[in-house]
$ cat data_21.cif   # mmCIF, C-alpha atoms
data_work
#
loop_
_atom_site.label_atom_id
_atom_site.label_comp_id
_atom_site.auth_asym_id
_atom_site.auth_seq_id
_atom_site.Cartn_x
_atom_site.Cartn_y
_atom_site.Cartn_z
CA MET A 1 39.71 -9.29 -15.62
CA THR A 2 38.96 -12.99 -15.74
CA ASN A 3 36.06 -13.85 -17.98
CA LEU A 4 34.14 -16.15 -15.68
CA GLY A 5 31.77 -16.96 -18.51
CA LEU A 6 34.59 -18.86 -20.29
CA LEU A 7 35.22 -21.17 -17.34
CA THR A 8 33.83 -24.69 -17.50
CA LYS A 9 30.62 -24.88 -15.50
CA PRO A 10 29.03 -28.27 -14.89
CA ARG A 11 25.44 -28.70 -16.01
CA LEU A 12 23.02 -29.24 -13.17
CA SER A 13 20.41 -31.97 -13.06
CA LEU A 14 16.78 -30.87 -12.87
CA MET A 15 16.69 -31.69 -9.15
CA ARG A 16 19.83 -29.63 -8.44
CA LEU A 17 18.43 -26.77 -10.52
CA ILE A 18 15.29 -26.83 -8.39
CA GLU A 19 17.29 -27.00 -5.15
CA MET A 20 19.51 -24.13 -6.27
CA ASN A 21 16.47 -21.90 -6.68
CA LEU A 22 14.53 -23.15 -3.64
CA GLY A 23 15.67 -20.10 -1.68
CA PHE A 24 13.59 -18.05 -4.08
CA LEU A 25 10.52 -19.80 -2.65
CA GLY A 26 11.06 -18.30 0.79
CA LEU A 27 12.18 -14.95 -0.57
CA GLN A 28 9.14 -14.60 -2.80
CA PHE A 29 6.78 -15.88 -0.10
CA SER A 30 7.91 -12.84 1.86
CA PHE A 31 7.27 -10.52 -1.11
CA GLY A 32 3.86 -12.15 -1.63
CA LEU A 33 2.89 -11.49 1.98
CA GLN A 34 3.76 -7.83 1.47
CA GLN A 35 1.81 -7.55 -1.78
CA ALA A 36 -1.28 -9.24 -0.34
CA ASN A 37 -1.31 -7.79 3.16
CA MET A 38 0.49 -4.45 3.49
CA ALA A 39 -2.29 -2.35 1.96
CA PRO A 40 -4.92 -4.00 4.22
CA ILE A 41 -2.63 -3.67 7.27
CA TYR A 42 -2.21 0.03 6.50
CA GLY A 43 -5.99 0.26 6.10
CA TYR A 44 -6.59 -1.44 9.46
CA LEU A 45 -4.22 1.05 11.08
CA GLY A 46 -6.12 4.03 9.62
CA ALA A 47 -4.24 4.97 6.43
CA ASP A 48 -5.96 7.10 3.79
CA GLU A 49 -6.17 5.50 0.33
CA ALA A 50 -4.38 8.40 -1.37
CA SER A 51 -1.39 7.95 0.97
CA LEU A 52 -0.91 4.26 0.16
CA PRO A 53 1.75 4.80 -2.54
CA LEU A 54 3.84 6.88 -0.13
CA LEU A 55 3.59 4.16 2.52
CA TRP A 56 4.86 1.65 -0.05
CA LEU A 57 8.00 3.69 -0.77
CA ALA A 58 10.10 1.39 1.41
CA GLY A 59 10.52 -1.28 -1.25
CA PRO A 60 11.68 0.87 -4.15
CA MET A 61 13.79 3.20 -2.05
CA THR A 62 15.70 0.41 -0.33
CA GLY A 63 16.03 -1.35 -3.67
CA LEU A 64 17.45 1.77 -5.28
CA LEU A 65 19.98 2.32 -2.50
CA ILE A 66 20.88 -1.24 -1.53
CA GLN A 67 20.67 -3.59 -4.50
CA PRO A 68 23.24 -1.89 -6.77
CA LEU A 69 25.60 -1.47 -3.84
CA ILE A 70 25.16 -5.05 -2.61
CA GLY A 71 25.50 -6.38 -6.16
CA ALA A 72 28.79 -4.54 -6.64
CA MET A 73 30.02 -5.63 -3.20
CA SER A 74 29.26 -9.27 -3.95
CA ASP A 75 31.39 -9.06 -7.12
CA ARG A 76 34.31 -8.06 -4.90
CA THR A 77 33.63 -10.57 -2.12
CA SER A 78 35.67 -13.73 -1.60
CA THR A 79 34.97 -15.95 1.42
CA ARG A 80 35.24 -19.64 2.27
CA ILE A 81 31.49 -20.03 1.67
CA GLY A 82 31.41 -18.06 -1.59
CA ARG A 83 31.04 -14.54 -2.95
CA ARG A 84 27.22 -14.40 -2.89
CA THR A 85 26.30 -16.72 -0.01
CA PRO A 86 27.09 -14.33 2.89
CA TYR A 87 24.52 -11.90 1.52
CA PHE A 88 21.88 -14.64 1.21
CA LEU A 89 22.29 -15.58 4.85
CA ILE A 90 22.36 -12.07 6.33
CA GLY A 91 19.30 -11.03 4.33
CA ALA A 92 17.35 -14.18 5.25
CA VAL A 93 17.88 -13.73 9.01
CA LEU A 94 16.83 -10.06 8.95
CA CYS A 95 13.83 -10.86 6.76
CA SER A 96 12.60 -13.55 9.15
CA LEU A 97 12.82 -11.23 12.16
CA CYS A 98 10.84 -8.49 10.40
CA LEU A 99 8.16 -10.91 9.23
CA LEU A 100 7.67 -12.04 12.82
CA ALA A 101 7.22 -8.46 14.02
CA MET A 102 5.17 -6.91 11.18
CA PRO A 103 1.61 -8.07 12.07
CA TYR A 104 2.09 -6.93 15.67
CA SER A 105 2.57 -3.30 14.59
CA PRO A 106 0.63 -1.06 17.02
CA THR A 107 0.65 2.03 14.79
CA LEU A 108 0.95 3.03 11.16
CA TRP A 109 4.48 4.41 11.56
CA VAL A 110 5.72 1.18 13.16
CA ALA A 111 4.35 -0.90 10.27
CA ALA A 112 5.87 1.48 7.72
CA SER A 113 9.24 1.40 9.53
CA LEU A 114 9.29 -2.38 9.67
CA LEU A 115 8.53 -2.51 5.97
CA TRP A 116 11.67 -0.44 5.30
CA VAL A 117 13.83 -2.93 7.22
CA LEU A 118 12.05 -5.93 5.68
CA ASP A 119 12.55 -4.64 2.16
CA ALA A 120 16.18 -3.81 2.88
CA ALA A 121 16.70 -7.41 4.04
CA ASN A 122 15.01 -8.83 0.96
CA ASN A 123 17.13 -6.59 -1.26
CA VAL A 124 20.35 -7.75 0.41
CA THR A 125 19.43 -11.25 -0.78
CA MET A 126 17.77 -10.65 -4.15
CA GLU A 127 20.41 -9.45 -6.60
CA PRO A 128 23.28 -11.63 -5.30
CA TYR A 129 20.85 -14.52 -5.76
CA ARG A 130 20.20 -13.56 -9.39
CA ALA A 131 23.94 -13.12 -9.97
CA TYR A 132 24.46 -16.57 -8.43
CA VAL A 133 22.37 -18.09 -11.24
CA GLY A 134 24.55 -16.37 -13.85
CA ASP A 135 27.71 -17.51 -12.01
CA ARG A 136 26.66 -21.10 -11.48
CA LEU A 137 25.02 -22.16 -14.74
CA PRO A 138 26.46 -22.75 -18.23
CA ASP A 139 25.04 -20.58 -20.99
CA ASP A 140 22.56 -23.15 -22.26
CA GLN A 141 20.97 -23.54 -18.81
CA ARG A 142 20.55 -19.87 -17.97
CA ALA A 143 17.06 -19.52 -19.46
CA ALA A 144 15.96 -22.55 -17.45
CA GLY A 145 17.64 -21.08 -14.36
CA PHE A 146 15.93 -17.70 -14.48
CA LEU A 147 12.55 -19.11 -15.49
CA THR A 148 12.82 -21.64 -12.64
CA GLN A 149 13.15 -18.63 -10.35
CA SER A 150 10.06 -17.20 -12.03
CA ALA A 151 8.22 -20.49 -11.45
CA PHE A 152 9.17 -20.44 -7.77
CA THR A 153 7.96 -16.85 -7.61
CA GLY A 154 4.57 -18.01 -8.86
CA LEU A 155 4.45 -20.98 -6.48
CA ALA A 156 5.61 -19.00 -3.44
CA GLN A 157 3.22 -16.15 -4.02
CA THR A 158 0.37 -18.58 -4.67
CA LEU A 159 0.99 -20.00 -1.21
CA SER A 160 1.45 -16.59 0.45
CA TYR A 161 -1.70 -15.09 -1.07
CA LEU A 162 -3.69 -18.20 -0.23
CA ALA A 163 -2.34 -18.69 3.31
CA PRO A 164 -5.05 -16.65 5.14
CA SER A 165 -7.83 -18.41 3.21
CA LEU A 166 -6.28 -21.82 3.94
CA LEU A 167 -6.22 -20.95 7.63
CA VAL A 168 -9.90 -20.04 7.49
CA TRP A 169 -10.71 -23.26 5.63
CA ILE A 170 -9.06 -25.36 8.37
CA GLY A 171 -11.05 -23.64 11.11
CA PHE A 172 -9.54 -20.29 12.09
CA ASN A 173 -11.96 -17.40 12.59
CA LYS A 174 -11.53 -14.80 9.84
CA ASP A 175 -13.10 -12.12 12.05
CA ALA A 176 -10.80 -12.68 15.07
CA VAL A 177 -8.73 -9.48 15.24
CA ASP A 178 -6.48 -7.70 17.71
CA GLY A 179 -7.05 -4.25 19.15
CA ASN A 180 -5.77 -2.63 15.93
CA GLY A 181 -8.03 -4.68 13.69
CA ILE A 182 -5.26 -6.94 12.32
CA PRO A 183 -6.67 -10.48 11.90
CA ASP A 184 -5.12 -13.46 13.68
CA ILE A 185 -4.82 -15.27 10.34
CA THR A 186 -2.54 -12.49 9.08
CA ARG A 187 -0.18 -12.95 12.01
CA ILE A 188 -0.01 -16.71 11.47
CA ALA A 189 0.70 -16.26 7.75
CA PHE A 190 3.62 -13.94 8.57
CA LEU A 191 4.98 -16.51 11.05
CA ILE A 192 4.94 -19.15 8.29
CA GLY A 193 6.78 -16.70 6.03
CA ALA A 194 9.47 -16.12 8.64
CA VAL A 195 10.21 -19.84 8.88
CA LEU A 196 10.19 -20.39 5.10
CA SER A 197 12.42 -17.41 4.38
CA LEU A 198 15.30 -18.74 6.46
CA ALA A 199 14.81 -22.48 5.91
CA THR A 200 14.72 -22.40 2.09
CA ILE A 201 17.78 -20.18 1.76
CA LEU A 202 19.73 -22.51 4.05
CA TRP A 203 18.64 -25.52 2.01
CA SER A 204 19.78 -23.93 -1.27
CA VAL A 205 23.22 -22.86 -0.11
CA LEU A 206 23.91 -26.20 1.58
CA ARG A 207 22.70 -28.38 -1.29
CA VAL A 208 24.10 -26.38 -4.23
CA PRO A 209 27.09 -24.37 -3.00
CA GLU A 210 28.77 -21.80 -5.16
CA LEU A 211 31.55 -22.86 -7.51
CA PRO A 212 35.04 -22.09 -6.16
CA LEU A 213 36.65 -19.06 -7.69
CA PRO A 214 39.56 -19.75 -10.07
CA GLU A 215 43.00 -18.80 -8.80
CA GLU A 216 43.36 -15.87 -11.20
CA GLU A 217 40.06 -14.44 -9.97
CA LYS A 218 41.17 -14.82 -6.36
CA ALA A 219 44.39 -13.02 -7.24
CA ARG A 220 42.43 -10.19 -8.86
CA LEU A 221 40.20 -9.81 -5.81
CA ALA A 222 43.26 -9.84 -3.54
CA LYS A 223 44.62 -6.85 -5.49
CA GLU A 224 41.20 -5.13 -5.46
CA PRO A 225 39.86 -5.82 -1.96
CA LEU A 226 36.31 -5.01 -0.92
CA THR A 227 36.13 -1.33 0.02
CA LEU A 228 33.38 1.26 -0.19
CA GLY A 229 35.44 3.41 -2.55
CA GLY A 230 36.19 0.49 -4.85
CA THR A 231 32.54 -0.57 -4.84
CA LEU A 232 31.38 2.93 -5.78
CA ARG A 233 33.97 3.09 -8.56
CA ASP A 234 32.69 -0.22 -9.92
CA LEU A 235 29.16 1.16 -9.91
CA ARG A 236 30.21 4.33 -11.71
CA THR A 237 32.19 2.40 -14.33
CA ALA A 238 29.33 -0.02 -14.92
CA LEU A 239 26.85 2.83 -15.38
CA VAL A 240 29.10 4.56 -17.90
CA GLU A 241 29.77 1.33 -19.81
CA MET A 242 26.19 0.05 -19.68
CA PRO A 243 25.33 -1.80 -22.93
CA ARG A 244 22.97 0.09 -25.24
CA PRO A 245 20.25 -2.62 -25.31
CA MET A 246 20.18 -2.55 -21.51
CA ARG A 247 19.54 1.19 -21.67
CA GLN A 248 16.74 0.59 -24.17
CA LEU A 249 15.00 -1.72 -21.72
CA ALA A 250 14.52 1.17 -19.30
CA LEU A 251 11.32 2.47 -20.96
CA ALA A 252 9.69 -0.96 -21.07
CA MET A 253 10.60 -1.53 -17.43
CA LEU A 254 9.23 1.90 -16.46
CA CYS A 255 5.82 1.10 -17.95
CA GLN A 256 5.43 -2.42 -16.60
CA TRP A 257 6.65 -1.80 -13.06
CA TYR A 258 4.70 1.45 -12.59
CA ALA A 259 1.64 -0.54 -13.63
CA MET A 260 2.29 -3.58 -11.44
CA PHE A 261 3.13 -1.54 -8.34
CA ALA A 262 -0.08 0.46 -8.69
CA TYR A 263 -2.04 -2.76 -9.21
CA TRP A 264 -0.75 -4.27 -5.95
CA GLN A 265 -1.54 -1.13 -3.98
CA PHE A 266 -5.11 -0.62 -5.19
CA ILE A 267 -6.52 -4.00 -6.24
CA THR A 268 -8.08 -4.70 -2.82
CA PHE A 269 -9.78 -1.31 -2.68
CA ALA A 270 -10.95 -1.60 -6.31
CA VAL A 271 -12.47 -5.06 -5.78
CA ALA A 272 -14.11 -3.94 -2.52
CA ARG A 273 -16.01 -1.33 -4.49
CA SER A 274 -16.80 -3.62 -7.44
CA LEU A 275 -18.05 -6.59 -5.44
CA HIS A 276 -19.35 -5.03 -2.21
CA GLY A 277 -19.71 -1.30 -2.87
CA THR A 278 -17.61 -0.44 0.18
CA SER A 279 -14.57 1.69 0.90
CA ASP A 280 -14.62 1.11 4.68
CA ALA A 281 -11.45 -0.76 5.68
CA LYS A 282 -12.98 -1.62 9.08
CA SER A 283 -16.02 -3.39 7.61
CA VAL A 284 -16.65 -7.14 7.41
CA ALA A 285 -17.14 -6.72 3.65
CA PHE A 286 -13.63 -5.30 3.34
CA ARG A 287 -12.14 -8.23 5.28
CA ASP A 288 -14.05 -10.56 2.96
CA THR A 289 -12.51 -8.68 0.02
CA VAL A 290 -9.02 -9.16 1.46
CA LEU A 291 -9.60 -12.93 1.43
CA THR A 292 -11.00 -12.78 -2.10
CA VAL A 293 -8.04 -10.78 -3.37
CA GLY A 294 -5.74 -13.25 -1.65
CA GLN A 295 -7.43 -16.08 -3.54
CA LEU A 296 -7.18 -14.11 -6.80
CA GLY A 297 -3.50 -13.46 -6.11
CA ALA A 298 -2.93 -17.12 -5.36
CA PHE A 299 -4.59 -18.05 -8.64
CA TYR A 300 -2.61 -15.63 -10.80
CA ASN A 301 0.60 -16.78 -9.15
CA ALA A 302 -0.36 -20.41 -9.80
CA VAL A 303 -0.87 -19.40 -13.43
CA ALA A 304 2.56 -17.73 -13.31
CA PHE A 305 4.10 -20.94 -11.99
CA VAL A 306 2.75 -22.93 -14.95
CA ALA A 307 3.41 -20.12 -17.44
CA ALA A 308 7.05 -19.80 -16.35
CA ILE A 309 7.63 -23.47 -17.15
CA ALA A 310 5.92 -23.06 -20.53
CA LEU A 311 8.02 -19.98 -21.27
CA VAL A 312 11.29 -21.94 -21.21
CA PRO A 313 10.82 -23.50 -24.68
CA LEU A 314 8.95 -20.43 -25.96
CA ALA A 315 11.81 -18.11 -25.00
CA ARG A 316 14.21 -20.40 -26.86
CA ARG A 317 12.00 -20.60 -29.94
CA TRP A 318 10.75 -17.01 -30.23
CA GLY A 319 13.37 -15.20 -28.19
CA ALA A 320 12.78 -13.71 -24.74
CA LYS A 321 11.90 -10.30 -26.22
CA SER A 322 8.95 -11.47 -28.30
CA ALA A 323 7.66 -13.77 -25.57
CA HIS A 324 7.84 -10.94 -23.03
CA ALA A 325 5.96 -8.48 -25.25
CA VAL A 326 3.09 -10.93 -25.76
CA CYS A 327 2.88 -11.63 -22.02
CA LEU A 328 2.78 -7.91 -21.13
CA LEU A 329 -0.02 -7.43 -23.66
CA ALA A 330 -2.05 -10.19 -21.96
CA SER A 331 -1.52 -8.56 -18.58
CA GLY A 332 -2.54 -5.12 -19.87
CA VAL A 333 -5.79 -6.42 -21.37
CA ALA A 334 -6.62 -8.15 -18.08
CA MET A 335 -6.05 -4.97 -16.03
CA LEU A 336 -8.31 -2.99 -18.35
CA ALA A 337 -11.06 -5.59 -17.92
CA ILE A 338 -11.02 -5.89 -14.10
CA PRO A 339 -12.87 -2.64 -13.20
CA GLY A 340 -15.90 -3.72 -15.23
CA ILE A 341 -16.16 -7.19 -13.68
CA ARG A 342 -18.86 -7.59 -11.02
CA ASP A 343 -18.47 -11.24 -9.99
CA GLU A 344 -15.68 -13.37 -8.60
CA ALA A 345 -15.74 -15.86 -11.48
CA GLY A 346 -14.96 -13.11 -13.97
CA LEU A 347 -12.10 -11.86 -11.83
CA PHE A 348 -10.52 -15.31 -11.83
CA VAL A 349 -10.64 -15.32 -15.64
CA ALA A 350 -8.85 -11.95 -15.67
CA MET A 351 -6.14 -13.40 -13.41
CA LEU A 352 -5.03 -15.61 -16.32
CA GLY A 353 -3.64 -12.52 -18.06
CA ILE A 354 -2.14 -11.11 -14.86
CA GLY A 355 -0.39 -14.41 -14.16
CA ILE A 356 1.07 -14.75 -17.65
CA GLY A 357 2.45 -11.21 -17.48
CA TRP A 358 3.84 -11.73 -13.98
CA ALA A 359 5.65 -14.93 -14.97
CA SER A 360 7.35 -13.13 -17.82
CA MET A 361 8.30 -10.08 -15.76
CA MET A 362 10.17 -12.27 -13.30
CA GLY A 363 12.12 -14.21 -15.92
CA ASN A 364 12.36 -12.94 -19.48
CA PRO A 365 13.95 -9.52 -18.81
CA TYR A 366 16.84 -11.31 -17.06
CA ILE A 367 17.30 -13.68 -20.00
CA MET A 368 17.41 -10.60 -22.23
CA LEU A 369 19.97 -9.01 -19.93
CA ILE A 370 22.39 -11.79 -19.01
CA ASP A 371 24.16 -12.15 -22.37
CA MET A 372 24.66 -8.39 -22.55
CA ILE A 373 26.83 -8.03 -19.50
CA PRO A 374 30.39 -9.12 -18.64
CA PRO A 375 30.25 -12.27 -16.44
CA GLU A 376 32.63 -10.83 -13.84
CA ARG A 377 30.13 -7.96 -13.39
CA ASN A 378 27.00 -10.07 -12.97
CA GLY A 379 26.43 -8.72 -9.46
CA VAL A 380 26.78 -5.02 -10.20
CA TYR A 381 24.72 -5.14 -13.40
CA MET A 382 21.97 -7.17 -11.75
CA GLY A 383 21.90 -4.52 -9.04
CA ILE A 384 21.79 -1.70 -11.57
CA PHE A 385 19.06 -3.50 -13.52
CA ASN A 386 17.00 -3.49 -10.34
CA MET A 387 17.05 0.30 -10.57
CA PHE A 388 14.91 -0.15 -13.68
CA ILE A 389 12.34 -1.74 -11.37
CA VAL A 390 12.52 0.45 -8.30
CA ILE A 391 12.73 3.86 -10.00
CA PRO A 392 9.32 3.29 -11.69
CA MET A 393 7.97 2.29 -8.28
CA ILE A 394 9.31 5.48 -6.72
CA ILE A 395 7.84 7.56 -9.53
CA GLU A 396 4.48 5.83 -9.04
CA SER A 397 4.58 6.38 -5.28
CA LEU A 398 5.32 10.08 -5.64
CA THR A 399 2.96 10.84 -8.54
CA VAL A 400 -0.25 8.91 -7.80
CA PRO A 401 -1.08 10.95 -4.67
CA LEU A 402 -0.85 14.10 -6.81
CA PHE A 403 -3.65 13.06 -9.17
CA TYR A 404 -5.56 10.33 -7.32
CA HIS A 405 -8.36 12.67 -6.25
CA SER A 406 -8.04 15.49 -8.78
CA VAL A 407 -7.81 13.38 -11.95
CA LEU A 408 -9.01 9.91 -10.94
CA GLY A 409 -11.78 11.08 -8.63
CA GLY A 410 -10.50 9.06 -5.69
CA GLU A 411 -11.57 5.90 -7.52
CA PRO A 412 -9.14 2.95 -7.24
CA ARG A 413 -10.69 1.25 -10.29
CA ASN A 414 -9.38 4.09 -12.42
CA ILE A 415 -5.86 3.15 -11.27
CA LEU A 416 -6.38 -0.22 -12.94
CA TYR A 417 -7.28 1.45 -16.24
CA LEU A 418 -4.05 3.44 -16.01
CA SER A 419 -2.08 0.28 -15.18
CA GLY A 420 -3.54 -1.63 -18.12
CA ALA A 421 -2.65 1.12 -20.58
CA LEU A 422 0.92 1.23 -19.25
CA MET A 423 1.33 -2.53 -19.57
CA ILE A 424 0.38 -2.33 -23.25
CA LEU A 425 2.84 0.54 -23.75
CA GLY A 426 5.46 -1.64 -22.05
CA ALA A 427 4.82 -4.38 -24.62
CA VAL A 428 5.35 -1.90 -27.45
CA ALA A 429 8.56 -0.59 -25.85
CA THR A 430 9.87 -4.14 -25.43
CA VAL A 431 9.43 -4.87 -29.14
CA ARG A 432 11.52 -1.80 -29.96
CA VAL A 433 14.56 -2.99 -27.99
CA THR A 434 17.51 -3.96 -30.22
CA MET A 435 18.79 -7.22 -28.81
CA ARG A 436 22.46 -7.59 -29.66
CA PRO A 437 24.94 -8.98 -27.12
CA ALA A 438 28.58 -8.01 -27.22
CA SER A 439 29.45 -10.97 -29.42
CA GLY A 440 27.33 -9.55 -32.23
CA THR A 441 24.82 -12.41 -32.29
CA THR A 442 21.19 -11.87 -31.44
CA LEU A 443 19.80 -13.11 -28.18
CA VAL A 444 17.54 -15.49 -30.08
CA GLU A 445 20.67 -17.09 -31.52
CA ALA A 446 22.36 -17.07 -28.14
CA ALA A 447 19.36 -18.75 -26.52
CA ARG A 448 19.54 -21.51 -29.08
#
$ encode --input "data_21.cif" --output "structure tokens"
Amino acid sequence: MTNLGLLTKPRLSLMRLIEMNLGFLGLQFSFGLQQANMAPIYGYLGADEASLPLLWLAGPMTGLLIQPLIGAMSDRTSTRIGRRTPYFLIGAVLCSLCLLAMPYSPTLWVAASLLWVLDAANNVTMEPYRAYVGDRLPDDQRAAGFLTQSAFTGLAQTLSYLAPSLLVWIGFNKDAVDGNGIPDITRIAFLIGAVLSLATILWSVLRVPELPLPEEEKARLAKEPLTLGGTLRDLRTALVEMPRPMRQLALAMLCQWYAMFAYWQFITFAVARSLHGTSDAKSVAFRDTVLTVGQLGAFYNAVAFVAAIALVPLARRWGAKSAHAVCLLASGVAMLAIPGIRDEAGLFVAMLGIGIGWASMMGNPYIMLIDMIPPERNGVYMGIFNMFIVIPMIIESLTVPLFYHSVLGGEPRNILYLSGALMILGAVATVRVTMRPASGTTLVEAAR
């Protein structure tokens, strides 16, 4: 196989680097809308709190089934517009259509079904996009590339979390709802997301197109055309040959993503109890809490935006592993503190830790990974690495309903204690990973 990592790749200017990752803005705006609004939408449509994790299964299940397959397929794809670009465009169109439809869901099952399609569309785009960064950038720009994606994640989710509050601030009525209790401001926010999702992807692929494949790589792909059987064989081979440090990352990823998924599902219900003493999703106090949590989410994502930029030199100096462990520790401490906070100001302080951890989760693990994997398999290994994210989410979704009432007393604030403890365990597990790429140098050395 051709080692694509040995081919000359032109360095990108800062502006081109930003434009290359602009599609992540729309993609992550969509994810932010889900994180901020799906639990409330389910609540408006009558969902029981204990069932929330099961209703969120769409994301991890589609990620488990689709991302590895799409990643492997993109490695075998060769078109006039690139190997990754077709997946960006298909996913962006589907995502926009689902965002338009989601806030008009008349019943719980319709909303849950749309979330499955929406997450499938996002997953069609996500891992080819991450592989695109590995394909397009020279080694010394990869940290900047992945942490730029992390910065755009923070910026996009700041805007998505804040969108309903911004609409209220410019004059929309926060209590104007449809017959199912879904606020008008939620529908407008999803419309904005639909436009951004498609427009930013189009901008990225037009402004910074993929590099043309070398002739020897085209010849290899001609001999190994894209087929389902060949894709599945690539997946099986990659799993068997997975580098040992990548396997070691699995425990750290289990802890941090179980914790973060639980946090997203229950933070609104936990804050509703802490600030307003209510668990009634139909109450005005609960709608006020949704706006507050949106503002908190916007703030921690703004922190993530700044933190991701700061992490670029820190990852080079300390190594991505050490930087990531410290960031997870900050996030864990913040989660442990939130249940005891009784005022909004204190919650904003806690969001500093959440934001630092979130910035690292979206960037540093990929810096740790990229030097471990063969460049011609960037797509398949990025897809497999996503399994380290979605499997913890599936485990969380299936296990929390089993002990939510019996062990946690039906109290969402206790979920945050569990999440905080897992984040700290994730930091410990990260430190224990042995970072040695195939060349035999450490990742700290490679980053330098």
$ residues_around --input "data_21.cif" --residues "Ala121 in chain A" --least-positions-apart "3" --cutoff "8 Å" --atoms "all atoms listed in the file" --output "PyMOL selection string"
chain A and resi 90-92+94-95+117-118+124-125
$ closest_atom_pairs --input "data_21.cif" --of "range 244-304 of chain A" --to "range 157-168 of chain A" --cutoff "9 Å" --atoms "only C-alpha atoms" --output "CSV"
residue,atom,partner,partner_atom,distance
A:Leu291,CA,A:Ser165,CA,6.0
A:Thr292,CA,A:Ser165,CA,8.4
A:Val293,CA,A:Tyr161,CA,8.0
A:Gly294,CA,A:Tyr161,CA,4.5
A:Gln295,CA,A:Leu162,CA,5.4
A:Leu296,CA,A:Tyr161,CA,8.0
A:Gly297,CA,A:Tyr161,CA,5.6
A:Ala298,CA,A:Thr158,CA,3.7
A:Phe299,CA,A:Thr158,CA,6.4
A:Tyr300,CA,A:Thr158,CA,7.4
A:Asn301,CA,A:Thr158,CA,4.8
A:Ala302,CA,A:Thr158,CA,5.5
A:Val303,CA,A:Thr158,CA,8.9
A:Ala304,CA,A:Thr158,CA,9.0
$ resolve_selection --input "data_21.cif" --expression "the PyMOL selection byres ((chain A and resi 259) around 9)" --output "list in words"
Leu254, Cys255, Gln256, Trp257, Tyr258, Met260, Phe261, Ala262, Tyr263, Trp264, Gly332, Pro392, Met393, Glu396, Ile415, Leu416, Leu418, Ser419, Gly420, Ala421, Leu422 and Met423 of chain A
$ closest_residue --input "data_21.cif" --among "A:Leu347, A:Leu137, A:Met73, A:Met362" --to "Ala270 in chain A" --atoms "only C-alpha atoms"
A:Leu347
$ resolve_selection --input "data_21.cif" --expression "the PyMOL selection byres ((chain A and resi 391) around 10)" --output "short mmCIF file (atom, residue, chain, number, x, y, z; two decimals) with C-alpha atoms, keeping the file's coordinate frame"
data_model
loop_
_atom_site.label_atom_id
_atom_site.label_comp_id
_atom_site.auth_asym_id
_atom_site.auth_seq_id
_atom_site.Cartn_x
_atom_site.Cartn_y
_atom_site.Cartn_z
CA PRO A 60 11.68 0.87 -4.15
CA MET A 61 13.79 3.20 -2.05
CA GLY A 63 16.03 -1.35 -3.67
CA LEU A 64 17.45 1.77 -5.28
CA ALA A 250 14.52 1.17 -19.30
CA MET A 253 10.60 -1.53 -17.43
CA LEU A 254 9.23 1.90 -16.46
CA TRP A 257 6.65 -1.80 -13.06
CA TYR A 258 4.70 1.45 -12.59
CA ASN A 386 17.00 -3.49 -10.34
CA MET A 387 17.05 0.30 -10.57
CA PHE A 388 14.91 -0.15 -13.68
CA ILE A 389 12.34 -1.74 -11.37
CA VAL A 390 12.52 0.45 -8.30
CA PRO A 392 9.32 3.29 -11.69
CA MET A 393 7.97 2.29 -8.28
CA ILE A 394 9.31 5.48 -6.72
CA ILE A 395 7.84 7.56 -9.53
CA GLU A 396 4.48 5.83 -9.04
CA SER A 397 4.58 6.38 -5.28
#
$ closest_residue --input "data_21.cif" --among "A:Asp175, A:Glu344, A:Asp280, A:Asp75" --to "Thr227 in chain A" --atoms "all atoms listed in the file"
A:Asp75
$ resolve_selection --input "data_21.cif" --expression "the PyMOL selection byres ((chain A and resi 233-244) around 12)" --output "ChimeraX atom specification"
/A:65,67-76,224,226-232,245-250,368-374,376-385,387,433-439
$ atom_distance --input "data_21.cif" --atom1 "CA of Ser406 in chain A" --atom2 "CA of Gln34 in chain A"
28.1 Å
$ residues_around --input "data_21.cif" --residues "Gly23 in chain A" --least-positions-apart "4" --cutoff "7 Å" --atoms "all atoms listed in the file" --output "PyMOL selection string"
chain A and resi 27+200-201+204
$ atom_distance --input "data_21.cif" --atom1 "CA of Trp358 in chain A" --atom2 "CA of Gly59 in chain A"
17.8 Å
$ closest_residue --input "data_21.cif" --among "A:Arg316, A:Val400, A:Asp343, A:Leu147" --to "His276 in chain A" --atoms "only C-alpha atoms"
A:Asp343
$ atom_distance --input "data_21.cif" --atom1 "CA of Leu328 in chain A" --atom2 "CA of Ser360 in chain A"
7.7 Å
$ residues_around --input "data_21.cif" --residues "Arg130 in chain A" --least-positions-apart "3" --cutoff "8 Å" --atoms "all atoms listed in the file" --output "ChimeraX atom specification"
/A:126-127,133-134,146,379,382
$ residues_around --input "data_21.cif" --residues "Tyr104 in chain A" --least-positions-apart "2" --cutoff "9 Å" --atoms "all atoms listed in the file" --output "mmCIF file with C-alpha atoms, keeping the file's coordinate frame"
data_model
loop_
_atom_site.group_PDB
_atom_site.id
_atom_site.type_symbol
_atom_site.label_atom_id
_atom_site.label_comp_id
_atom_site.auth_asym_id
_atom_site.auth_seq_id
_atom_site.Cartn_x
_atom_site.Cartn_y
_atom_site.Cartn_z
ATOM 1 C CA LEU A 100 7.670 -12.040 12.820
ATOM 2 C CA ALA A 101 7.220 -8.460 14.020
ATOM 3 C CA MET A 102 5.170 -6.910 11.180
ATOM 4 C CA PRO A 106 0.630 -1.060 17.020
ATOM 5 C CA ALA A 111 4.350 -0.900 10.270
ATOM 6 C CA ASP A 178 -6.480 -7.700 17.710
ATOM 7 C CA ASN A 180 -5.770 -2.630 15.930
ATOM 8 C CA ILE A 182 -5.260 -6.940 12.320
ATOM 9 C CA ARG A 187 -0.180 -12.950 12.010
#
